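Colleague: Next comes the structure file entry_12.pdb, holding PDB, C-alpha atoms.
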```
MODEL        1
ATOM      1  CA  MET M   1      76.077 -61.963  69.016
ATOM      2  CA  SER M   2      76.716 -63.535  65.609
ATOM      3  CA  LYS M   3      73.946 -64.547  63.214
ATOM      4  CA  LYS M   4      72.621 -68.080  63.720
ATOM      5  CA  ALA M   5      73.919 -70.504  61.103
ATOM      6  CA  TYR M   6      70.943 -72.482  59.819
ATOM      7  CA  PHE M   7      71.295 -76.066  58.647
ATOM      8  CA  PRO M   8      71.990 -76.014  54.862
ATOM      9  CA  PHE M   9      68.928 -76.677  52.707
ATOM     10  CA  THR M  10      70.869 -78.931  50.329
ATOM     11  CA  ALA M  11      72.119 -81.052  53.248
ATOM     12  CA  ILE M  12      68.632 -82.148  54.287
ATOM     13  CA  VAL M  13      68.319 -85.899  53.727
ATOM     14  CA  GLY M  14      65.272 -87.142  51.798
ATOM     15  CA  GLN M  15      61.942 -85.224  51.917
ATOM     16  CA  GLU M  16      62.354 -84.520  48.189
ATOM     17  CA  LYS M  17      58.720 -83.596  47.613
ATOM     18  CA  MET M  18      58.763 -81.038  50.444
ATOM     19  CA  LYS M  19      61.996 -79.480  49.208
ATOM     20  CA  ARG M  20      60.715 -79.339  45.625
ATOM     21  CA  ALA M  21      57.453 -77.639  46.732
ATOM     22  CA  LEU M  22      59.414 -74.957  48.602
ATOM     23  CA  ILE M  23      61.765 -74.384  45.657
ATOM     24  CA  LEU M  24      58.874 -74.093  43.190
ATOM     25  CA  ASN M  25      57.291 -71.372  45.338
ATOM     26  CA  LEU M  26      60.580 -69.446  45.374
ATOM     27  CA  ILE M  27      60.677 -69.582  41.591
ATOM     28  CA  ASN M  28      57.011 -68.661  41.204
ATOM     29  CA  PRO M  29      55.397 -66.915  44.218
ATOM     30  CA  ALA M  30      52.096 -66.921  42.266
ATOM     31  CA  LEU M  31      51.695 -70.638  43.089
ATOM     32  CA  GLY M  32      49.970 -69.629  46.320
ATOM     33  CA  GLY M  33      52.330 -70.975  48.945
ATOM     34  CA  VAL M  34      52.763 -74.400  50.477
ATOM     35  CA  LEU M  35      51.425 -76.158  53.564
ATOM     36  CA  ILE M  36      53.678 -78.851  55.034
ATOM     37  CA  LYS M  37      51.892 -81.425  57.182
ATOM     38  CA  GLY M  38      53.744 -84.009  59.210
ATOM     39  CA  GLU M  39      54.633 -85.477  62.567
ATOM     40  CA  LYS M  40      57.165 -83.754  64.812
ATOM     41  CA  GLY M  41      60.845 -84.153  63.963
ATOM     42  CA  THR M  42      60.458 -84.453  60.175
ATOM     43  CA  ALA M  43      62.570 -81.369  59.271
ATOM     44  CA  LYS M  44      59.573 -79.130  58.452
ATOM     45  CA  SER M  45      60.831 -76.034  60.280
ATOM     46  CA  THR M  46      64.441 -76.888  59.464
ATOM     47  CA  ALA M  47      63.707 -76.871  55.723
ATOM     48  CA  VAL M  48      61.865 -73.531  55.814
ATOM     49  CA  ARG M  49      64.516 -71.736  57.872
ATOM     50  CA  ALA M  50      67.251 -73.304  55.733
ATOM     51  CA  LEU M  51      65.849 -71.456  52.707
ATOM     52  CA  THR M  52      67.576 -68.307  53.998
ATOM     53  CA  GLU M  53      70.845 -69.119  52.224
ATOM     54  CA  VAL M  54      69.351 -70.114  48.857
ATOM     55  CA  LEU M  55      66.807 -67.312  48.492
ATOM     56  CA  PRO M  56      67.182 -65.298  45.266
ATOM     57  CA  GLU M  57      68.326 -61.684  45.279
ATOM     58  CA  ARG M  58      66.045 -58.827  44.217
ATOM     59  CA  ARG M  59      66.124 -55.054  43.974
ATOM     60  CA  GLU M  60      64.161 -53.013  46.498
ATOM     61  CA  VAL M  61      63.606 -49.328  47.264
ATOM     62  CA  GLN M  62      66.060 -48.160  49.890
ATOM     63  CA  GLY M  63      64.370 -47.231  53.163
ATOM     64  CA  CYS M  64      60.898 -48.417  52.133
ATOM     65  CA  PRO M  65      59.170 -50.380  54.953
ATOM     66  CA  PHE M  66      57.458 -52.530  52.311
ATOM     67  CA  SER M  67      60.603 -53.389  50.278
ATOM     68  CA  CYS M  68      58.882 -52.110  47.122
ATOM     69  CA  ASP M  69      60.117 -53.155  43.687
ATOM     70  CA  PRO M  70      61.712 -50.054  42.094
ATOM     71  CA  ASP M  71      61.085 -51.461  38.608
ATOM     72  CA  ASP M  72      57.369 -52.219  38.983
ATOM     73  CA  ASN M  73      55.191 -49.168  39.579
ATOM     74  CA  SER M  74      52.013 -51.270  39.835
ATOM     75  CA  CYS M  75      53.242 -53.017  42.996
ATOM     76  CA  GLN M  76      54.594 -49.993  44.871
ATOM     77  CA  CYS M  77      53.222 -48.267  47.950
ATOM     78  CA  ASP M  78      51.759 -44.748  47.598
ATOM     79  CA  SER M  79      54.939 -43.152  48.959
ATOM     80  CA  CYS M  80      57.237 -44.844  46.417
ATOM     81  CA  ARG M  81      54.805 -44.195  43.578
ATOM     82  CA  SER M  82      54.715 -40.479  44.347
ATOM     83  CA  LYS M  83      58.502 -40.036  44.178
ATOM     84  CA  ALA M  84      60.126 -38.872  40.947
ATOM     85  CA  GLU M  85      63.284 -40.885  41.593
ATOM     86  CA  LEU M  86      63.869 -44.002  43.680
ATOM     87  CA  THR M  87      67.155 -45.276  45.110
ATOM     88  CA  ALA M  88      67.457 -49.031  44.661
ATOM     89  CA  VAL M  89      69.531 -51.519  46.639
ATOM     90  CA  THR M  90      70.020 -55.272  46.161
ATOM     91  CA  SER M  91      69.151 -57.710  48.913
ATOM     92  CA  ARG M  92      68.023 -61.294  49.370
ATOM     93  CA  MET M  93      64.482 -62.378  50.097
ATOM     94  CA  ARG M  94      63.920 -63.065  53.797
ATOM     95  CA  VAL M  95      61.946 -65.536  55.908
ATOM     96  CA  VAL M  96      59.556 -63.569  58.140
ATOM     97  CA  ASP M  97      58.161 -65.493  61.122
ATOM     98  CA  LEU M  98      54.573 -65.065  62.269
ATOM     99  CA  PRO M  99      54.079 -66.302  65.863
ATOM    100  CA  VAL M 100      50.947 -68.327  66.682
ATOM    101  CA  SER M 101      50.077 -65.777  69.386
ATOM    102  CA  ALA M 102      50.028 -62.858  66.902
ATOM    103  CA  THR M 103      46.984 -60.579  67.111
ATOM    104  CA  GLU M 104      45.239 -59.106  64.069
ATOM    105  CA  ASP M 105      46.729 -55.637  64.755
ATOM    106  CA  ARG M 106      50.227 -57.132  64.968
ATOM    107  CA  VAL M 107      49.679 -58.884  61.625
ATOM    108  CA  VAL M 108      48.023 -56.152  59.533
ATOM    109  CA  GLY M 109      49.463 -53.059  61.263
ATOM    110  CA  THR M 110      47.744 -50.178  63.051
ATOM    111  CA  LEU M 111      46.406 -46.738  62.146
ATOM    112  CA  ASP M 112      46.696 -43.721  64.464
ATOM    113  CA  ILE M 113      43.027 -42.659  64.309
ATOM    114  CA  GLU M 114      43.481 -39.638  66.571
ATOM    115  CA  LYS M 115      46.210 -38.183  64.382
ATOM    116  CA  ALA M 116      44.211 -38.874  61.226
ATOM    117  CA  LEU M 117      41.123 -37.087  62.578
ATOM    118  CA  THR M 118      42.950 -34.079  64.052
ATOM    119  CA  THR M 119      45.601 -33.419  61.393
ATOM    120  CA  GLY M 120      44.201 -35.223  58.353
ATOM    121  CA  GLU M 121      47.457 -37.204  58.030
ATOM    122  CA  LYS M 122      47.480 -40.976  57.918
ATOM    123  CA  HIS M 123      50.025 -42.471  60.300
ATOM    124  CA  PHE M 124      50.432 -46.205  59.725
ATOM    125  CA  GLU M 125      52.470 -48.495  61.967
ATOM    126  CA  PRO M 126      53.520 -51.416  59.717
ATOM    127  CA  GLY M 127      52.727 -54.977  60.829
ATOM    128  CA  ILE M 128      54.065 -58.391  59.910
ATOM    129  CA  LEU M 129      52.413 -58.326  56.455
ATOM    130  CA  ALA M 130      54.359 -55.167  55.599
ATOM    131  CA  ASP M 131      57.603 -56.917  56.518
ATOM    132  CA  ALA M 132      56.551 -59.999  54.530
ATOM    133  CA  ASN M 133      56.006 -58.158  51.230
ATOM    134  CA  ARG M 134      58.214 -59.760  48.529
ATOM    135  CA  ASN M 135      59.517 -62.199  51.160
ATOM    136  CA  ILE M 136      58.466 -65.533  52.694
ATOM    137  CA  LEU M 137      55.855 -65.454  55.450
ATOM    138  CA  TYR M 138      56.369 -68.511  57.631
ATOM    139  CA  ILE M 139      53.728 -69.712  60.091
ATOM    140  CA  ASP M 140      54.721 -72.661  62.252
ATOM    141  CA  GLU M 141      51.763 -74.604  63.741
ATOM    142  CA  ILE M 142      49.396 -72.695  61.475
ATOM    143  CA  ASN M 143      46.520 -74.943  62.573
ATOM    144  CA  LEU M 144      46.759 -73.368  66.062
ATOM    145  CA  LEU M 145      46.486 -69.806  64.714
ATOM    146  CA  ASP M 146      43.204 -67.964  65.241
ATOM    147  CA  ASP M 147      40.916 -68.636  62.257
ATOM    148  CA  HIS M 148      40.177 -64.938  61.756
ATOM    149  CA  VAL M 149      43.892 -64.108  61.538
ATOM    150  CA  VAL M 150      44.390 -66.946  59.034
ATOM    151  CA  ASP M 151      41.524 -65.512  56.933
ATOM    152  CA  VAL M 152      43.164 -62.064  56.899
ATOM    153  CA  ILE M 153      46.526 -63.507  55.848
ATOM    154  CA  LEU M 154      45.044 -65.662  53.079
ATOM    155  CA  ASP M 155      42.999 -62.727  51.754
ATOM    156  CA  SER M 156      46.144 -60.576  51.567
ATOM    157  CA  ALA M 157      48.049 -63.414  49.910
ATOM    158  CA  ALA M 158      45.312 -63.770  47.281
ATOM    159  CA  MET M 159      44.916 -60.027  46.599
ATOM    160  CA  GLY M 160      48.566 -59.016  47.007
ATOM    161  CA  VAL M 161      47.381 -56.028  49.066
ATOM    162  CA  ASN M 162      46.833 -55.444  52.788
ATOM    163  CA  THR M 163      44.117 -52.923  53.648
ATOM    164  CA  VAL M 164      43.584 -51.624  57.187
ATOM    165  CA  GLU M 165      40.336 -49.811  57.958
ATOM    166  CA  ARG M 166      39.532 -48.105  61.266
ATOM    167  CA  GLU M 167      36.753 -45.584  61.994
ATOM    168  CA  GLY M 168      36.291 -44.686  58.341
ATOM    169  CA  VAL M 169      40.036 -44.244  57.762
ATOM    170  CA  SER M 170      41.827 -46.747  55.518
ATOM    171  CA  PHE M 171      45.398 -47.467  54.437
ATOM    172  CA  SER M 172      46.633 -49.976  51.848
ATOM    173  CA  HIS M 173      50.072 -51.305  51.005
ATOM    174  CA  PRO M 174      51.448 -54.121  48.798
ATOM    175  CA  ALA M 175      51.543 -57.535  50.484
ATOM    176  CA  LYS M 176      52.814 -60.072  47.955
ATOM    177  CA  PHE M 177      54.547 -62.913  49.749
ATOM    178  CA  VAL M 178      55.207 -66.646  49.588
ATOM    179  CA  LEU M 179      53.074 -68.213  52.323
ATOM    180  CA  VAL M 180      54.583 -71.268  54.000
ATOM    181  CA  GLY M 181      52.770 -73.042  56.810
ATOM    182  CA  THR M 182      53.782 -76.091  58.813
ATOM    183  CA  MET M 183      51.631 -78.182  61.123
ATOM    184  CA  ASN M 184      51.311 -81.473  62.974
ATOM    185  CA  PRO M 185      47.926 -83.044  62.039
ATOM    186  CA  GLU M 186      47.817 -84.693  65.472
ATOM    187  CA  GLU M 187      47.174 -81.240  66.963
ATOM    188  CA  GLY M 188      44.151 -80.510  64.766
ATOM    189  CA  ASP M 189      43.535 -79.693  61.114
ATOM    190  CA  LEU M 190      42.759 -76.575  59.089
ATOM    191  CA  ARG M 191      39.236 -75.855  57.876
ATOM    192  CA  PRO M 192      38.729 -77.200  54.301
ATOM    193  CA  GLN M 193      38.046 -73.636  53.074
ATOM    194  CA  LEU M 194      41.446 -72.491  54.332
ATOM    195  CA  LEU M 195      43.227 -75.636  53.152
ATOM    196  CA  ASP M 196      41.990 -75.015  49.604
ATOM    197  CA  ARG M 197      43.630 -71.577  49.559
ATOM    198  CA  PHE M 198      47.124 -73.104  49.708
ATOM    199  CA  GLY M 199      48.510 -73.757  46.242
ATOM    200  CA  LEU M 200      50.457 -76.865  47.268
ATOM    201  CA  VAL M 201      50.209 -79.250  50.224
ATOM    202  CA  VAL M 202      52.851 -81.819  51.173
ATOM    203  CA  ASP M 203      52.581 -84.650  53.698
ATOM    204  CA  VAL M 204      55.909 -85.640  55.256
ATOM    205  CA  CYS M 205      56.918 -88.468  57.567
ATOM    206  CA  GLY M 206      60.100 -89.768  59.151
ATOM    207  CA  GLU M 207      62.549 -91.791  57.060
ATOM    208  CA  LYS M 208      61.919 -95.552  57.201
ATOM    209  CA  ASP M 209      65.086 -96.577  55.330
ATOM    210  CA  ILE M 210      67.855 -97.434  57.825
ATOM    211  CA  GLN M 211      70.652 -96.051  55.632
ATOM    212  CA  MET M 212      68.803 -92.746  55.075
ATOM    213  CA  ARG M 213      67.903 -92.491  58.752
ATOM    214  CA  THR M 214      71.535 -93.070  59.724
ATOM    215  CA  GLU M 215      72.616 -90.327  57.319
ATOM    216  CA  VAL M 216      70.141 -87.889  58.941
ATOM    217  CA  VAL M 217      71.738 -88.438  62.354
ATOM    218  CA  LYS M 218      75.275 -88.332  60.948
ATOM    219  CA  ARG M 219      74.778 -84.978  59.205
ATOM    220  CA  TYR M 220      73.000 -83.385  62.144
ATOM    221  CA  LEU M 221      75.729 -84.347  64.620
ATOM    222  CA  GLU M 222      78.398 -83.112  62.200
ATOM    223  CA  TYR M 223      76.557 -79.797  61.877
ATOM    224  CA  GLU M 224      76.063 -79.476  65.635
ATOM    225  CA  GLN M 225      79.739 -80.088  66.404
ATOM    226  CA  ALA M 226      81.148 -77.643  63.819
ATOM    227  CA  PRO M 227      78.450 -75.471  62.195
ATOM    228  CA  GLU M 228      80.788 -73.197  60.227
ATOM    229  CA  ALA M 229      82.829 -76.081  58.799
ATOM    230  CA  PHE M 230      79.621 -77.916  57.854
ATOM    231  CA  LEU M 231      78.230 -74.827  56.106
ATOM    232  CA  GLU M 232      81.481 -74.379  54.194
ATOM    233  CA  LYS M 233      81.379 -78.022  53.108
ATOM    234  CA  TRP M 234      77.886 -77.556  51.642
ATOM    235  CA  ARG M 235      78.439 -74.052  50.242
ATOM    236  CA  PRO M 236      79.078 -75.231  46.621
ATOM    237  CA  GLU M 237      75.753 -77.145  46.603
ATOM    238  CA  GLN M 238      73.958 -74.158  48.108
ATOM    239  CA  GLU M 239      75.367 -71.798  45.465
ATOM    240  CA  LYS M 240      74.490 -74.260  42.696
ATOM    241  CA  LEU M 241      70.866 -74.414  43.884
ATOM    242  CA  CYS M 242      70.643 -70.620  44.220
ATOM    243  CA  LEU M 243      71.887 -70.232  40.633
ATOM    244  CA  LYS M 244      69.410 -72.853  39.398
ATOM    245  CA  ILE M 245      66.515 -71.003  41.088
ATOM    246  CA  ASN M 246      67.544 -67.709  39.493
ATOM    247  CA  GLU M 247      67.846 -69.322  36.052
ATOM    248  CA  ALA M 248      64.421 -70.917  36.454
ATOM    249  CA  ARG M 249      62.900 -67.536  37.314
ATOM    250  CA  LYS M 250      64.229 -66.111  34.054
ATOM    251  CA  LEU M 251      62.937 -69.084  32.041
ATOM    252  CA  LEU M 252      59.481 -69.298  33.669
ATOM    253  CA  ASN M 253      57.697 -66.808  31.394
ATOM    254  CA  ARG M 254      58.960 -68.663  28.321
ATOM    255  CA  VAL M 255      57.564 -72.066  29.341
ATOM    256  CA  SER M 256      54.729 -73.124  27.036
ATOM    257  CA  TYR M 257      51.884 -75.618  27.355
ATOM    258  CA  SER M 258      49.469 -77.030  24.799
ATOM    259  CA  ASP M 259      45.682 -77.198  24.742
ATOM    260  CA  ASP M 260      46.105 -80.923  25.408
ATOM    261  CA  ILE M 261      47.789 -80.082  28.726
ATOM    262  CA  LEU M 262      44.879 -77.799  29.683
ATOM    263  CA  ARG M 263      42.383 -80.510  28.744
ATOM    264  CA  LEU M 264      44.320 -83.106  30.743
ATOM    265  CA  ALA M 265      44.241 -80.928  33.876
ATOM    266  CA  ALA M 266      40.470 -80.561  33.535
ATOM    267  CA  GLU M 267      39.978 -84.312  32.996
ATOM    268  CA  ILE M 268      42.035 -85.188  36.081
ATOM    269  CA  SER M 269      40.134 -82.746  38.296
ATOM    270  CA  ILE M 270      36.746 -83.977  37.088
ATOM    271  CA  SER M 271      37.691 -87.641  37.526
ATOM    272  CA  LEU M 272      38.718 -86.998  41.149
ATOM    273  CA  GLY M 273      35.624 -84.951  41.975
ATOM    274  CA  VAL M 274      37.573 -81.769  42.736
ATOM    275  CA  ASP M 275      35.420 -78.701  43.416
ATOM    276  CA  GLY M 276      36.006 -75.377  41.658
ATOM    277  CA  HIS M 277      38.774 -74.458  39.218
ATOM    278  CA  ARG M 278      41.641 -73.643  41.578
ATOM    279  CA  ALA M 279      43.079 -77.139  41.194
ATOM    280  CA  ASP M 280      43.237 -76.918  37.380
ATOM    281  CA  ILE M 281      44.923 -73.502  37.482
ATOM    282  CA  SER M 282      47.372 -74.542  40.208
ATOM    283  CA  MET M 283      48.232 -77.731  38.327
ATOM    284  CA  ILE M 284      49.192 -75.826  35.179
ATOM    285  CA  LYS M 285      51.177 -73.199  37.118
ATOM    286  CA  THR M 286      53.038 -75.875  39.088
ATOM    287  CA  ALA M 287      53.818 -77.909  35.961
ATOM    288  CA  CYS M 288      55.182 -74.803  34.200
ATOM    289  CA  THR M 289      57.308 -73.892  37.220
ATOM    290  CA  ASN M 290      58.742 -77.401  37.498
ATOM    291  CA  ALA M 291      59.578 -77.372  33.794
ATOM    292  CA  ALA M 292      61.473 -74.088  34.305
ATOM    293  CA  TYR M 293      63.347 -75.572  37.271
ATOM    294  CA  GLU M 294      64.366 -78.545  35.130
ATOM    295  CA  GLY M 295      65.569 -76.147  32.418
ATOM    296  CA  ARG M 296      62.851 -76.991  29.877
ATOM    297  CA  ASN M 297      60.637 -74.533  27.987
ATOM    298  CA  ALA M 298      57.633 -76.865  27.540
ATOM    299  CA  VAL M 299      55.483 -78.782  30.026
ATOM    300  CA  SER M 300      55.940 -82.556  29.975
ATOM    301  CA  LYS M 301      54.043 -85.521  31.415
ATOM    302  CA  GLU M 302      56.506 -85.726  34.303
ATOM    303  CA  ASP M 303      55.717 -82.107  35.207
ATOM    304  CA  MET M 304      51.992 -82.922  35.254
ATOM    305  CA  LYS M 305      52.578 -85.962  37.481
ATOM    306  CA  LEU M 306      54.420 -83.908  40.088
ATOM    307  CA  ALA M 307      51.837 -81.113  39.863
ATOM    308  CA  ALA M 308      48.997 -83.589  40.443
ATOM    309  CA  GLU M 309      50.728 -84.960  43.560
ATOM    310  CA  LEU M 310      51.193 -81.509  45.091
ATOM    311  CA  VAL M 311      47.950 -79.821  44.052
ATOM    312  CA  LEU M 312      45.132 -82.381  44.198
ATOM    313  CA  PRO M 313      45.046 -84.482  47.416
ATOM    314  CA  HIS M 314      43.879 -81.674  49.733
ATOM    315  CA  ARG M 315      41.247 -80.488  47.260
ATOM    316  CA  MET M 316      39.419 -83.757  46.751
ATOM    317  CA  ARG M 317      35.807 -83.892  47.853
ATOM    318  CA  ARG M 318      35.264 -86.037  50.946
ATOM    319  CA  LYS M 319      32.493 -86.950  53.361
ATOM    320  CA  PRO M 320      32.672 -86.118  57.091
ATOM    321  CA  PHE M 321      35.109 -88.377  59.000
ATOM    322  CA  GLU M 322      36.288 -89.858  55.718
ATOM    323  CA  GLU M 323      40.034 -89.980  55.188
ATOM    324  CA  GLN M 324      41.398 -88.124  52.197
ATOM    325  CA  ARG M 325      43.026 -90.540  49.775
ATOM    326  CA  MET M 326      44.090 -90.204  46.182
ATOM    327  CA  ASP M 327      44.893 -93.119  43.917
ATOM    328  CA  ILE M 328      48.007 -91.567  42.413
ATOM    329  CA  ASP M 329      48.593 -94.590  40.164
ATOM    330  CA  SER M 330      45.305 -94.016  38.345
ATOM    331  CA  VAL M 331      46.261 -90.358  37.850
ATOM    332  CA  TYR M 332      49.633 -91.429  36.455
ATOM    333  CA  GLU M 333      47.867 -93.800  34.032
ATOM    334  CA  MET M 334      45.600 -91.006  32.861
ATOM    335  CA  ILE M 335      48.610 -88.749  32.224
ATOM    336  CA  GLU M 336      50.600 -91.475  30.461
ATOM    337  CA  SER M 337      47.699 -92.454  28.200
ATOM    338  CA  SER M 338      46.942 -88.858  27.176
ATOM    339  CA  GLU M 339      47.781 -88.082  23.569
ATOM    340  CA  GLY M 340      49.417 -85.011  22.065
ATOM    341  CA  ILE M 341      51.768 -84.365  25.022
TER     342      ILE M 341
ENDMDL
END
```
Would you put the structure from the file into C-alpha cells?

Modeller:
Amino acid sequence: MSKKAYFPFTAIVGQEKMKRALILNLINPALGGVLIKGEKGTAKSTAVRALTEVLPERREVQGCPFSCDPDDNSCQCDSCRSKAELTAVTSRMRVVDLPVSATEDRVVGTLDIEKALTTGEKHFEPGILADANRNILYIDEINLLDDHVVDVILDSAAMGVNTVEREGVSFSHPAKFVLVGTMNPEEGDLRPQLLDRFGLVVDVCGEKDIQMRTEVVKRYLEYEQAPEAFLEKWRPEQEKLCLKINEARKLLNRVSYSDDILRLAAEISISLGVDGHRADISMIKTACTNAAYEGRNAVSKEDMKLAAELVLPHRMRRKPFEEQRMDIDSVYEMIESSEGI
C-alpha cells in the first residue's frame, strides 16, 4: 500500500494565523508548541498533517530509538553518549500522533522491573515520547485527553527529558518535541494551568468570504480527484516554503532585540493583567522567530504585533464564566506609540 498523500500545506486557503504559528514552531521548537482551537471542519488536522512535506531535514544517529542529534552531546541518550563514534543519517522531522485513548505507559514507555531486579540491567520499552523526540507530537482533541497524561506530556515538553520511575528503578531519555494540539471548544476546554503551558494559541473559524470559501471547495475537489497531480502542481510552493524555513533556522540566533523591545513586552503584559512572566518571554521569542522567517535580523513593531496576538489572549486573567477577550487595537496602539523601536 502506497503512502497517503496529504493535502499540501501551501494549498490551504486562508487560516494565515494558524499556518504562521505552525511554521514559527518548526523554526524554533523552543516556542513551546501551539494549540489550535476551532469548530469542526476548519482545516486544523489538515494543516498539521500537511506539515509532513515541508518539515526541515536534520541529522540523527542511525538506529537510535530516540533519533538523537549526533552533533549535540548534551541532548543524547546514555547509549549514544557512551559510544566513541556515531553513525549519522539525514532524515526529515516527522509528525507523531498521540491517540486520545493513550495510557500513561503507552506515552512515557515501560520498564521491565523483573529484569532490572534480577539481572541489574535496565530494559526500557520506548513509548510515544521517545518517538516524538526532535519531531512533532500531535494530539487531536487534546481537551478529551486524560488530565494526568496531559500533565506528563507538558512536563516532558518543558524539561526536554522523559523520566520513567518504577519500584525504585528509573530511566531517562531526551524528549524535545514541538507540541501541537487541536480541539473543538464545544467539546470542553483545557484547564487554565495547562492552557498557559502552550507557547502559542490560535482560534480558527470557517471562511466567511464567499470567494475564499469557493476556493476551499475547488481545491479540495481537485485534490480528491487527482491527488498526485495536485501535489505536483503545488510542489514548487512546498519546496519554496521548506527552503524559507531552513533559512530562518540559520538566521534565528542572529536576530537581535533592544531593551526597548523587552520593556514593551513587559508593559503590554502588565496592562492586560497577565500573570507570571511566561507571556513576556514567549512574546520576545515569537517576535524573534517571526523576524527570522521574514529574513530580518532585528525585531520590528510588526513582529511584536503578531507575537501579542498569538501569545497573550489565552494568558489573560479572567473571572469564572467570563469570556476571554483582548482588545487587540489597544495593544497595537501601545506598540505603535512606543519609542526607540

Colleague: Set out as a Markdown table a contact list for stretch 4-54 of chain M and stretch 97-104 of chain M with a cut-off of 12 Å, giving each residue of stretch 4-54 of chain M that qualifies its closest atom pair and distance in Å to one decimal, counting only C-alpha atoms, ordered by chain and rising residue number.

Modeller:
```
| residue | atom | partner | partner_atom | distance |
| --- | --- | --- | --- | --- |
| M:Ser45 | CA | M:Asp97 | CA | 10.9 |
| M:Val48 | CA | M:Asp97 | CA | 10.3 |
| M:Arg49 | CA | M:Asp97 | CA | 9.5 |
```

Colleague: If we count all atoms listed in the file and set the cut-off at 9 Å, which residues sit around stretch 293-305 of chain M, ignoring sequence neighbours fewer than 2 positions away in its own chain? Please answer as a ChimeraX atom specification.

Modeller: /M:23-24,27,244-245,247-249,251-258,261,264-265,283-284,286-291,307-310,328,331-332,335-336,338,341

Colleague: Kindly give the distance, in Å, that separates atom CA of M:Asp131 and atom CA of M:Arg235, rounded to a single decimal.

Modeller: 27.7 Å

Colleague: With distances taken over only C-alpha atoms, which residue among M:Val95, M:Ile139, M:Ala292, M:Cys75 lies nearest M:Glu53?

Modeller: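 So, comparing all the options, the nearest one is M:Val95.
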
Colleague: Could you tell me, as a short mmCIF file (atom, residue, chain, number, x, y, z; two decimals) with C-alpha atoms, in the coordinates of the input, exactly which residues end up selected when the PyMOL selection byres ((chain M and resi 86) around 12) is applied to this structure?

Modeller:
```
data_model
loop_
_atom_site.label_atom_id
_atom_site.label_comp_id
_atom_site.auth_asym_id
_atom_site.auth_seq_id
_atom_site.Cartn_x
_atom_site.Cartn_y
_atom_site.Cartn_z
CA ARG M 59 66.12 -55.05 43.97
CA GLU M 60 64.16 -53.01 46.50
CA VAL M 61 63.61 -49.33 47.26
CA GLN M 62 66.06 -48.16 49.89
CA GLY M 63 64.37 -47.23 53.16
CA CYS M 64 60.90 -48.42 52.13
CA SER M 67 60.60 -53.39 50.28
CA CYS M 68 58.88 -52.11 47.12
CA ASP M 69 60.12 -53.16 43.69
CA PRO M 70 61.71 -50.05 42.09
CA ASP M 71 61.08 -51.46 38.61
CA ASP M 72 57.37 -52.22 38.98
CA ASN M 73 55.19 -49.17 39.58
CA GLN M 76 54.59 -49.99 44.87
CA SER M 79 54.94 -43.15 48.96
CA CYS M 80 57.24 -44.84 46.42
CA ARG M 81 54.80 -44.20 43.58
CA SER M 82 54.72 -40.48 44.35
CA LYS M 83 58.50 -40.04 44.18
CA ALA M 84 60.13 -38.87 40.95
CA GLU M 85 63.28 -40.88 41.59
CA THR M 87 67.16 -45.28 45.11
CA ALA M 88 67.46 -49.03 44.66
CA VAL M 89 69.53 -51.52 46.64
#
```

Colleague: Which residue out of M:Leu179, M:Ala50, M:Leu243, M:Val161 has the minimum interatomic distance to M:Ala30 when all atoms listed in the file are used?

Modeller: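 Ranking M:Leu179, M:Ala50, M:Leu243, M:Val161 by distance to M:Ala30, first place goes to M:Leu179.
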
Colleague: When you count all atoms listed in the file, which of these residues is closest to M:Lys19: M:Val169, M:Leu35, M:Val217, M:Leu194?

Modeller: M:Leu35

Colleague: Give the answer as one residue: which of M:Gln238, M:Asn135, M:Gln225, M:Asn246 has the shortest atom-to-atom distance to M:Ile12, using all atoms listed in the file?

Modeller: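 Among the listed residues, the smallest separation from M:Ile12 belongs to M:Gln238.
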
Colleague: Evaluating the PyMOL selection byres ((chain M and resi 281) around 10) on the displayed file yields which residues, as a count of residues only?

Modeller: 15

Colleague: Let me make sure I understand: among M:Ile210, M:Leu195, M:Val204, M:Val152, which one has the smallest atom-to-atom distance to M:Lys40 if we use only C-alpha atoms?

Modeller: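 Checking each of M:Ile210, M:Leu195, M:Val204, M:Val152 against M:Lys40, counting only C-alpha atoms, the winner is M:Val204.
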
Colleague: Using all atoms listed in the file, find the one residue out of M:Asn143, M:Thr52, M:Asn28, M:Thr214 that sits nearest to M:Phe9.

Modeller: M:Thr52

Colleague: Between atom CA of M:Asp329 and atom CA of M:Val201, what is the spacing in Å?

Modeller: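 Separation between atom CA of M:Val201 and atom CA of M:Asp329: 18.4 Å.
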
Colleague: To one decimal place in Å, what is the distance between atom CA of M:Gly33 and atom CA of M:Ala5?

Modeller: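 Between atom CA of M:Gly33 and atom CA of M:Ala5 the gap works out to 24.8 Å.
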
Colleague: Could you state which residues are captured by the PyMOL selection byres ((chain M and resi 188) around 12) in this file, as an mmCIF file with C-alpha atoms, in the coordinates of the input?

Modeller:
```
data_model
loop_
_atom_site.group_PDB
_atom_site.id
_atom_site.type_symbol
_atom_site.label_atom_id
_atom_site.label_comp_id
_atom_site.auth_asym_id
_atom_site.auth_seq_id
_atom_site.Cartn_x
_atom_site.Cartn_y
_atom_site.Cartn_z
ATOM 1 C CA LYS M 37 51.892 -81.425 57.182
ATOM 2 C CA GLY M 38 53.744 -84.009 59.210
ATOM 3 C CA GLU M 39 54.633 -85.477 62.567
ATOM 4 C CA GLU M 141 51.763 -74.604 63.741
ATOM 5 C CA ILE M 142 49.396 -72.695 61.475
ATOM 6 C CA ASN M 143 46.520 -74.943 62.573
ATOM 7 C CA LEU M 144 46.759 -73.368 66.062
ATOM 8 C CA LEU M 145 46.486 -69.806 64.714
ATOM 9 C CA MET M 183 51.631 -78.182 61.123
ATOM 10 C CA ASN M 184 51.311 -81.473 62.974
ATOM 11 C CA PRO M 185 47.926 -83.044 62.039
ATOM 12 C CA GLU M 186 47.817 -84.693 65.472
ATOM 13 C CA GLU M 187 47.174 -81.240 66.963
ATOM 14 C CA ASP M 189 43.535 -79.693 61.114
ATOM 15 C CA LEU M 190 42.759 -76.575 59.089
ATOM 16 C CA ARG M 191 39.236 -75.855 57.876
#
```

Colleague: Show which residues sit within 12 Å of M:Lys233, as a list in words. Count all atoms listed in the file, and ignore same-chain residues fewer than 5 positions away.

Modeller: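 Here the answer would be Phe7, Pro8, Thr10, Ala11, Arg219, Glu222, Tyr223, Ala226, Pro227, Glu228, Gln238 and Glu239 of chain M.
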